[in-house]
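Engineer: File follows, upload_13.tsv with TSV, C-alpha atoms and all ligand atoms:
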chain	number	residue	atom	x	y	z
A	1187	MET	CA	128.20	-39.94	-125.53
A	1188	ALA	CA	124.89	-39.06	-123.89
A	1189	GLY	CA	125.20	-38.33	-120.18
A	1190	GLU	CA	122.82	-38.84	-117.31
A	1191	ALA	CA	120.66	-35.79	-118.14
A	1192	GLU	CA	120.75	-36.26	-121.89
A	1193	THR	CA	117.70	-37.72	-123.53
A	1194	PRO	CA	118.18	-39.65	-126.77
A	1195	ARG	CA	114.63	-38.76	-127.85
A	1196	ARG	CA	115.42	-35.03	-127.72
A	1197	ARG	CA	113.68	-33.38	-130.65
A	1198	GLY	CA	113.65	-29.65	-130.01
A	1199	PHE	CA	116.80	-27.58	-129.91
A	1200	MET	CA	118.42	-25.11	-127.55
A	1201	VAL	CA	120.14	-21.84	-128.37
A	1202	VAL	CA	122.07	-19.93	-125.71
A	1203	CYS	CA	122.66	-16.18	-126.03
A	1204	ASP	CA	125.63	-15.10	-123.97
A	1205	GLY	CA	128.38	-12.52	-123.89
A	1206	SER	CA	129.24	-9.21	-122.30
A	1207	ASN	CA	126.88	-7.30	-120.03
A	1208	GLY	CA	124.69	-4.97	-122.05
A	1209	ALA	CA	125.77	-6.60	-125.33
A	1210	GLY	CA	122.14	-7.11	-126.39
A	1211	LYS	CA	121.35	-10.66	-125.25
A	1212	THR	CA	117.79	-9.94	-124.16
A	1213	THR	CA	117.15	-7.83	-127.27
A	1214	LEU	CA	118.42	-10.63	-129.52
A	1215	ILE	CA	116.41	-13.33	-127.74
A	1216	GLU	CA	113.22	-11.35	-128.29
A	1217	ALA	CA	114.03	-10.96	-132.00
A	1218	LEU	CA	114.75	-14.68	-132.32
A	1219	ARG	CA	111.58	-15.59	-130.46
A	1220	ARG	CA	109.45	-13.47	-132.80
A	1221	HIS	CA	111.15	-14.94	-135.84
A	1222	LEU	CA	110.83	-18.56	-134.73
A	1223	GLU	CA	107.22	-18.16	-133.64
A	1224	GLN	CA	106.38	-16.74	-137.05
A	1225	LEU	CA	107.82	-19.93	-138.53
A	1226	GLY	CA	105.52	-21.96	-136.30
A	1227	TYR	CA	107.97	-23.08	-133.65
A	1228	ASP	CA	106.89	-23.40	-130.05
A	1229	VAL	CA	109.48	-21.27	-128.23
A	1230	VAL	CA	110.45	-21.23	-124.56
A	1231	VAL	CA	112.44	-18.19	-123.45
A	1232	THR	CA	114.36	-18.60	-120.24
A	1233	ARG	CA	117.42	-17.26	-118.42
A	1234	GLU	CA	120.24	-18.04	-116.03
A	1235	PRO	CA	120.60	-17.83	-113.21
A	1236	GLY	CA	116.88	-18.33	-112.88
A	1237	GLY	CA	114.32	-19.91	-115.15
A	1238	THR	CA	112.52	-21.71	-112.32
A	1239	ALA	CA	111.09	-20.60	-108.97
A	1240	ILE	CA	114.11	-22.12	-107.20
A	1241	GLY	CA	116.50	-20.64	-109.76
A	1242	GLU	CA	115.01	-17.15	-109.45
A	1243	ARG	CA	115.50	-17.27	-105.67
A	1244	ILE	CA	119.12	-18.30	-106.20
A	1245	ARG	CA	119.45	-15.45	-108.73
A	1246	LYS	CA	118.40	-12.93	-106.06
A	1247	LEU	CA	121.15	-14.23	-103.79
A	1248	LEU	CA	123.75	-14.11	-106.56
A	1249	LEU	CA	123.00	-10.59	-107.72
A	1250	ASP	CA	122.45	-9.03	-104.28
A	1251	ARG	CA	124.81	-6.07	-103.81
A	1252	ASN	CA	124.39	-6.43	-100.03
A	1253	LEU	CA	126.22	-9.77	-99.99
A	1254	PRO	CA	129.82	-8.79	-100.86
A	1255	GLU	CA	131.07	-11.52	-98.50
A	1256	MET	CA	129.98	-14.29	-100.90
A	1257	CYS	CA	133.03	-16.45	-101.54
A	1258	ASP	CA	133.93	-17.60	-105.05
A	1259	LEU	CA	133.19	-21.27	-104.44
A	1260	THR	CA	129.75	-20.46	-103.02
A	1261	GLU	CA	129.02	-18.36	-106.08
A	1262	LEU	CA	130.12	-21.15	-108.41
A	1263	MET	CA	128.00	-23.76	-106.63
A	1264	LEU	CA	124.94	-21.52	-106.53
A	1265	PHE	CA	125.17	-21.06	-110.29
A	1266	GLY	CA	125.52	-24.83	-110.60
A	1267	ALA	CA	122.54	-25.48	-108.33
A	1268	ALA	CA	120.34	-23.11	-110.30
A	1269	ARG	CA	121.45	-24.76	-113.56
A	1270	ALA	CA	120.79	-28.30	-112.29
A	1271	GLN	CA	117.22	-27.35	-111.43
A	1272	HIS	CA	116.70	-25.35	-114.61
A	1273	LEU	CA	117.82	-28.17	-116.87
A	1274	ARG	CA	115.76	-30.90	-115.23
A	1275	GLU	CA	112.61	-28.94	-114.43
A	1276	LYS	CA	112.31	-26.81	-117.54
A	1277	ILE	CA	114.80	-27.28	-120.37
A	1278	LEU	CA	114.78	-31.06	-120.89
A	1279	PRO	CA	110.98	-31.38	-120.75
A	1280	ALA	CA	110.66	-28.53	-123.29
A	1281	LEU	CA	113.16	-30.16	-125.66
A	1282	GLU	CA	111.44	-33.52	-125.32
A	1283	ALA	CA	108.19	-31.83	-126.28
A	1284	GLY	CA	109.86	-30.57	-129.48
A	1285	LYS	CA	110.15	-26.94	-128.39
A	1286	VAL	CA	112.91	-24.46	-129.11
A	1287	VAL	CA	114.59	-23.22	-125.93
A	1288	LEU	CA	116.20	-19.77	-126.05
A	1289	CYS	CA	118.31	-19.21	-122.96
A	1290	ASP	CA	119.86	-15.95	-121.75
A	1291	ARG	CA	123.28	-17.08	-120.40
A	1292	PHE	CA	124.21	-20.68	-119.50
A	1293	ASP	CA	127.34	-22.64	-118.56
A	1294	SER	CA	129.31	-20.45	-120.99
A	1295	ALA	CA	128.80	-17.57	-118.55
A	1296	THR	CA	130.12	-19.63	-115.64
A	1297	VAL	CA	133.27	-20.42	-117.61
A	1298	ALA	CA	133.72	-16.77	-118.68
A	1299	PHE	CA	132.98	-15.12	-115.35
A	1300	GLN	CA	133.95	-17.61	-112.66
A	1301	GLN	CA	136.90	-19.20	-114.45
A	1302	TYR	CA	138.40	-16.54	-116.73
A	1303	ALA	CA	137.37	-13.36	-114.88
A	1304	ARG	CA	137.30	-14.54	-111.26
A	1305	GLY	CA	140.26	-16.88	-111.74
A	1306	LEU	CA	138.68	-19.99	-110.22
A	1307	ASP	CA	140.42	-23.31	-110.86
A	1308	PRO	CA	139.22	-24.53	-114.31
A	1309	ALA	CA	138.90	-28.08	-112.93
A	1310	LYS	CA	136.50	-26.89	-110.21
A	1311	VAL	CA	134.41	-24.95	-112.73
A	1312	ALA	CA	134.37	-27.93	-115.10
A	1313	SER	CA	133.32	-30.32	-112.35
A	1314	ILE	CA	130.41	-28.15	-111.16
A	1315	ASN	CA	129.25	-27.61	-114.75
A	1316	ALA	CA	129.54	-31.34	-115.45
A	1317	LEU	CA	127.51	-32.17	-112.34
A	1318	ALA	CA	124.79	-29.70	-113.27
A	1319	LEU	CA	124.63	-30.69	-116.93
A	1320	GLY	CA	125.12	-34.45	-116.68
A	1321	GLY	CA	126.45	-34.63	-120.25
A	1322	PHE	CA	123.85	-32.32	-121.78
A	1323	ARG	CA	125.03	-29.62	-124.23
A	1324	PRO	CA	122.97	-26.88	-125.86
A	1325	ASP	CA	122.97	-27.02	-129.67
A	1326	LEU	CA	124.25	-23.51	-130.31
A	1327	TYR	CA	125.82	-20.67	-128.32
A	1328	LEU	CA	125.50	-17.18	-129.82
A	1329	ILE	CA	128.26	-15.13	-128.21
A	1330	LEU	CA	127.62	-11.39	-128.38
A	1331	ASP	CA	131.04	-9.79	-128.37
A	1332	LEU	CA	131.34	-6.19	-127.23
A	1333	ASP	CA	133.82	-3.91	-125.56
A	1334	PRO	CA	132.81	-4.01	-121.85
A	1335	SER	CA	132.74	-0.23	-121.43
A	1336	THR	CA	130.28	0.07	-124.34
A	1337	GLY	CA	128.16	-2.65	-122.73
A	1338	LEU	CA	128.07	-0.92	-119.36
A	1339	GLU	CA	127.21	2.37	-121.07
A	1340	ARG	CA	124.24	0.64	-122.72
A	1341	VAL	CA	123.10	-0.76	-119.37
A	1342	ARG	CA	123.37	2.70	-117.78
A	1343	GLN	CA	121.45	4.29	-120.65
A	1344	ARG	CA	118.75	1.69	-120.21
A	1345	GLY	CA	118.38	3.27	-116.76
A	1346	ALA	CA	119.13	0.14	-114.73
A	1347	ALA	CA	121.32	0.19	-111.63
A	1348	LEU	CA	124.33	-2.13	-111.89
A	1349	ASP	CA	123.97	-5.41	-109.96
A	1350	ARG	CA	126.71	-7.09	-107.92
A	1351	LEU	CA	128.33	-8.78	-110.89
A	1352	GLU	CA	127.99	-5.82	-113.29
A	1353	GLY	CA	129.64	-3.61	-110.67
A	1354	GLU	CA	132.92	-5.47	-111.14
A	1355	GLN	CA	135.91	-3.62	-112.57
A	1356	LEU	CA	136.32	-3.22	-116.32
A	1357	ALA	CA	139.44	-5.44	-116.20
A	1358	PHE	CA	137.26	-8.23	-114.78
A	1359	LEU	CA	134.74	-7.76	-117.59
A	1360	ALA	CA	137.54	-7.74	-120.17
A	1361	ARG	CA	138.77	-11.12	-118.85
A	1362	ALA	CA	135.20	-12.46	-119.10
A	1363	ARG	CA	135.02	-11.24	-122.70
A	1364	ASP	CA	138.23	-13.11	-123.44
A	1365	GLY	CA	136.73	-16.18	-121.74
A	1366	PHE	CA	133.79	-16.16	-124.14
A	1367	LEU	CA	136.11	-15.81	-127.13
A	1368	GLN	CA	138.32	-18.67	-125.90
A	1369	GLN	CA	135.32	-20.99	-125.63
A	1370	ALA	CA	134.28	-20.09	-129.17
A	1371	LYS	CA	137.80	-20.73	-130.40
A	1372	ALA	CA	137.87	-24.15	-128.74
A	1373	GLU	CA	134.51	-25.25	-130.17
A	1374	PRO	CA	133.80	-23.19	-133.30
A	1375	GLN	CA	130.99	-25.45	-134.51
A	1376	ARG	CA	128.89	-24.93	-131.42
A	1377	TYR	CA	129.87	-21.35	-130.48
A	1378	LYS	CA	129.32	-18.51	-132.95
A	1379	VAL	CA	130.66	-15.05	-132.19
A	1380	LEU	CA	128.56	-12.07	-133.28
A	1381	ASP	CA	129.88	-8.51	-133.35
A	1382	ALA	CA	127.50	-6.83	-130.91
A	1383	SER	CA	128.65	-3.33	-131.85
A	1384	LEU	CA	126.62	-3.65	-135.05
A	1385	PRO	CA	123.04	-2.34	-135.13
A	1386	ALA	CA	120.62	-4.65	-133.31
A	1387	GLU	CA	118.81	-5.50	-136.58
A	1388	GLU	CA	122.06	-6.65	-138.18
A	1389	VAL	CA	123.00	-8.77	-135.14
A	1390	ALA	CA	119.53	-10.33	-135.26
A	1391	SER	CA	119.66	-11.14	-138.97
A	1392	ARG	CA	123.05	-12.85	-138.58
A	1393	ALA	CA	121.72	-14.81	-135.61
A	1394	VAL	CA	118.59	-15.80	-137.53
A	1395	ALA	CA	120.77	-17.24	-140.31
A	1396	LEU	CA	122.73	-19.33	-137.80
A	1397	VAL	CA	119.59	-20.59	-136.08
A	1398	ALA	CA	117.98	-21.36	-139.46
A	1399	ALA	CA	121.00	-23.50	-140.38
A	1400	LEU	CA	120.69	-25.34	-137.06
A	1401	ALA	CA	116.94	-25.90	-137.53
A	1402	GLU	CA	117.56	-27.15	-141.05
A	1403	GLY	CA	120.16	-29.62	-139.78
A	1404	ARG	CA	117.78	-30.95	-137.15
A	1405	ARG	CA	114.99	-31.35	-139.68
A	1406	ALA	CA	117.36	-33.47	-141.75
A	1407	VAL	CA	118.11	-35.64	-138.70
A	1408	HIS	CA	114.59	-35.94	-137.31
A	1409	GLY	CA	112.64	-35.74	-140.51
A	1410	PHE	CA	110.10	-33.21	-139.31
A	1411	GLY	CA	109.72	-29.45	-139.33
A	1412	ALA	CA	107.88	-26.91	-137.22
A	1413	ALA	CA	104.84	-27.13	-139.47
A	1414	ASP	CA	104.54	-30.91	-138.89
A	1415	THR	CA	104.66	-30.86	-135.08
A	1501	LIG	N1	123.17	-3.94	-131.30
A	1501	LIG	C1	122.84	-2.94	-130.48
A	1501	LIG	N2	123.29	-1.68	-130.68
A	1501	LIG	C2	122.97	-0.68	-129.85
A	1501	LIG	N3	122.20	-0.81	-128.76
A	1501	LIG	C3	121.73	-2.05	-128.50
A	1501	LIG	C4	122.01	-3.17	-129.34
A	1501	LIG	N4	121.39	-4.25	-128.82
A	1501	LIG	C5	120.76	-3.84	-127.71
A	1501	LIG	N5	120.94	-2.51	-127.51
A	1501	LIG	C6	120.43	-1.67	-126.41
A	1501	LIG	O1	121.39	-1.81	-125.35
A	1501	LIG	C7	120.72	-1.97	-124.10
A	1501	LIG	C8	121.11	-3.32	-123.53
A	1501	LIG	O2	120.52	-4.35	-124.33
A	1501	LIG	P1	120.02	-5.71	-123.68
A	1501	LIG	O3	119.24	-5.43	-122.45
A	1501	LIG	O4	119.40	-6.51	-124.75
A	1501	LIG	O5	121.44	-6.32	-123.29
A	1501	LIG	P2	121.76	-7.55	-122.36
A	1501	LIG	O6	122.97	-8.18	-122.93
A	1501	LIG	O7	120.56	-8.39	-122.19
A	1501	LIG	O8	122.09	-6.79	-121.02
A	1501	LIG	P3	122.27	-7.43	-119.55
A	1501	LIG	O9	123.65	-7.98	-119.51
A	1501	LIG	O10	122.11	-6.25	-118.64
A	1501	LIG	O11	121.18	-8.44	-119.38
A	1501	LIG	C9	119.25	-1.83	-124.38
A	1501	LIG	O12	118.87	-0.49	-124.14
A	1501	LIG	C10	119.12	-2.18	-125.86
A	1501	LIG	O13	118.04	-1.52	-126.46
A	1502	MG	MG	119.59	-9.01	-120.45
What's the structure tokens form of this structure?

Structural biologist:
Amino acid sequence: MAGEAETPRRRGFMVVCDGSNGAGKTTLIEALRRHLEQLGYDVVVTREPGGTAIGERIRKLLLDRNLPEMCDLTELMLFGAARAQHLREKILPALEAGKVVLCDRFDSATVAFQQYARGLDPAKVASINALALGGFRPDLYLILDLDPSTGLERVRQRGAALDRLEGEQLAFLARARDGFLQQAKAEPQRYKVLDASLPAEEVASRAVALVAALAEGRRAVHGFGAADT
């Protein structure tokens, strides 16, 4: 049933890319954006936490290595606050306008990191996510699955310093990985796992096939394609 934030007139669709740190989320989103734009879709690329001016300020707080005192519940609620703003200010209007939203991380990351890795009460995580999302669900989650040590090695090779969350122990990242896989297992229609150890081009072509199937399904429902909008 549609929730408070859901709009029955929603025409565009939303794809989330999520998974381990350094798995290739940003790389994949760029490939998908290029592909979809070539097909004539109007694409909005966004990320969590962030995506809006308010969300980006919250992101700075969340990733700040100088704030080790942040308690788990604060972290959870800040992610929720950023998501509430992101959905209402940016995602829903884009979908209503018929655009494709590609989002780097979403509620799937909160479940993987705060619930599975951090060990927060699943009911608390579910209630914050439910408040932020108001019944809304993205159409597809592409879960990039990768051994966490390989992911961190990629991030290091990229030359970036690790942020507060990336600096967590490998065991923490392994629990997060399991959290992503558990979500996919629970909802296999909406969550698709991609082997992120494959070459980036192969990951992208598998993702393109999944997104094409989704777009095709929506055309069947709404009776219009990118070229008609
Ligand atoms: N399939 C792949 N195989 C090997 N290297 C890859 C692959 N995909 C991306 N990379 C490289 O790994 C590094 C991390 O990729 P990317 O930034 O896309 O990952 P990410 O998941 O967005 O990382 P982060 O969690 O830090 O945001 C980059 O240098 C990228 O070029
Ligand atoms: Mg990235």

Engineer: Which residues, written as JSON, numbers by chain, have at least one atom at most 9 Å from A:Leu1273, with all atoms listed in the file counted and residues fewer than 6 positions away on the same chain left out?

Structural biologist: {"A": [1191, 1279, 1318, 1319, 1322]}

Engineer: Would you write out, as a tab-separated table, a table of all residues in chain A that have an atom no more than 6 Å from an atom of ligand LIG 1501 (chain A), listing for each the closest atom pair and the distance in Å to one decimal, considering all atoms listed in the file and ordering rows by chain and rising residue number?

Structural biologist:
residue	atom	partner	partner_atom	distance
A:Asn1207	CA	A:LIG1501	O9	3.3
A:Gly1208	CA	A:LIG1501	O8	3.3
A:Ala1209	CA	A:LIG1501	O6	4.0
A:Gly1210	CA	A:LIG1501	O4	3.2
A:Lys1211	CA	A:LIG1501	O6	3.8
A:Thr1212	CA	A:LIG1501	O7	3.7
A:Thr1213	CA	A:LIG1501	O4	3.6
A:Arg1340	CA	A:LIG1501	O1	4.6
A:Val1341	CA	A:LIG1501	C8	5.3
A:Arg1344	CA	A:LIG1501	O12	4.5
A:Ala1382	CA	A:LIG1501	N1	5.2
A:Ser1383	CA	A:LIG1501	N1	5.5
A:Leu1384	CA	A:LIG1501	N1	5.1
A:Pro1385	CA	A:LIG1501	N1	4.2
A:Ala1386	CA	A:LIG1501	N1	3.3

Engineer: What does the distance between atom CA of A:Val1287 and atom CA of A:Thr1232 come to in Å, to one decimal place?

Structural biologist: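 These atoms are spaced 7.3 Å apart.
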
Engineer: Report the distance between atom CA of A:Phe1199 and atom CA of A:Ala1372 in Å, rounded to one decimal place.

Structural biologist: 21.4 Å

Engineer: Just give me the gap between atom CA of A:Asn1252 and atom CA of A:Phe1358 in Å, one decimal is fine.

Structural biologist: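 Interatomic distance, atom CA of A:Asn1252 to atom CA of A:Phe1358: 19.7 Å.
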
Engineer: Which residues are near A:Asp1325? Cut-off 10 Å, only C-alpha atoms, ignore same chain within fewer than 2 positions. Put them as a list in words.

Structural biologist: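 These residues fall inside the cut-off: Gly1198, Phe1199, Met1200, Val1201, Val1202, Val1287, Phe1322, Arg1323, Tyr1327, Gln1375, Arg1376, Tyr1377, Val1397, Leu1400, Ala1401 and Arg1404 of chain A.
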
Engineer: Of the candidates A:Ala1362, A:Ile1277, A:Leu1338, A:Leu1262, which one gets nearest to ligand MG 1502 (chain A) if we count only C-alpha atoms and all ligand atoms?

Structural biologist: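 Checking each of A:Ala1362, A:Ile1277, A:Leu1338, A:Leu1262 against ligand MG 1502 (chain A), counting only C-alpha atoms and all ligand atoms, the winner is A:Leu1338.
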
Engineer: Output as lines of an AutoDock Vina configuration file the centre and edge lengths (Å, one decimal) of the box along x, y and z of the file that holds every listed atom of stretch 1295-1303 of chain A after adding 5 Å on each side.

Structural biologist:
center_x = 133.6
center_y = -16.9
center_z = -115.7
size_x = 19.6
size_y = 17.1
size_z = 16.0

Engineer: Which is closest to A:Lys1285 among A:Val1230, A:Leu1367, A:Leu1253, A:Leu1306, if we use all atoms listed in the file?

Structural biologist: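 Distance minimum relative to A:Lys1285 lands on A:Val1230.
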
Engineer: Counting only C-alpha atoms and all ligand atoms, which residue out of A:Arg1291, A:Arg1342, A:Lys1246, A:His1221 sits closest to ligand MG 1502 (chain A)?

Structural biologist: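 Nearest candidate to ligand MG 1502 (chain A) out of A:Arg1291, A:Arg1342, A:Lys1246, A:His1221: A:Arg1291.
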
Engineer: From the set A:Leu1214, A:Leu1328, A:Ala1303, A:Leu1288, which residue has the shortest atom-to-atom contact distance to ligand MG 1502 (chain A), counting all atoms listed in the file?

Structural biologist: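 Ranked by minimum distance to ligand MG 1502 (chain A), first place goes to A:Leu1214.
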
Engineer: Can you pull out every residue within 10 Å of A:Arg1363, counting only C-alpha atoms, but drop anything in the same chain fewer than 2 positions away, and send it as a PyMOL selection string?

Structural biologist: chain A and resi 1205-1207+1295+1298-1299+1302-1303+1329-1334+1357-1361+1365-1368

Engineer: Please, which residues are within 8 Å of (132.4, 0.7, -117.0) by the file's coordinates, counting only C-alpha atoms, and could they come as a VMD selection string?

Structural biologist: chain A and resid 1334 to 1339 1355 to 1356

Engineer: List the residues sitting within 12 Å of (114.7, -15.7, -114.4) in the file's frame, using only C-alpha atoms, as a list in words.

Structural biologist: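 These residues have at least one counted atom within 12 Å: Thr1212, Val1231, Thr1232, Arg1233, Glu1234, Pro1235, Gly1236, Gly1237, Thr1238, Ala1239, Ile1240, Gly1241, Glu1242, Arg1243, Ile1244, Arg1245, Lys1246, Leu1249, Ala1268, Arg1269, His1272, Lys1276, Cys1289, Asp1290, Arg1291 and Phe1292 of chain A.
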
Engineer: Have a look at A:Leu1396, A:Glu1216, A:Asp1258, A:Arg1274 and name the one nearest to ligand MG 1502 (chain A); count all atoms listed in the file.

Structural biologist: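 Among the listed residues, the smallest separation from ligand MG 1502 (chain A) belongs to A:Glu1216.
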
Engineer: Between A:Val1286, A:Val1311, A:Arg1197, A:Ser1294, which has the minimum distance to A:Ala1398 (counting only C-alpha atoms)?

Structural biologist: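 Result for the nearest residue to A:Ala1398: A:Val1286.
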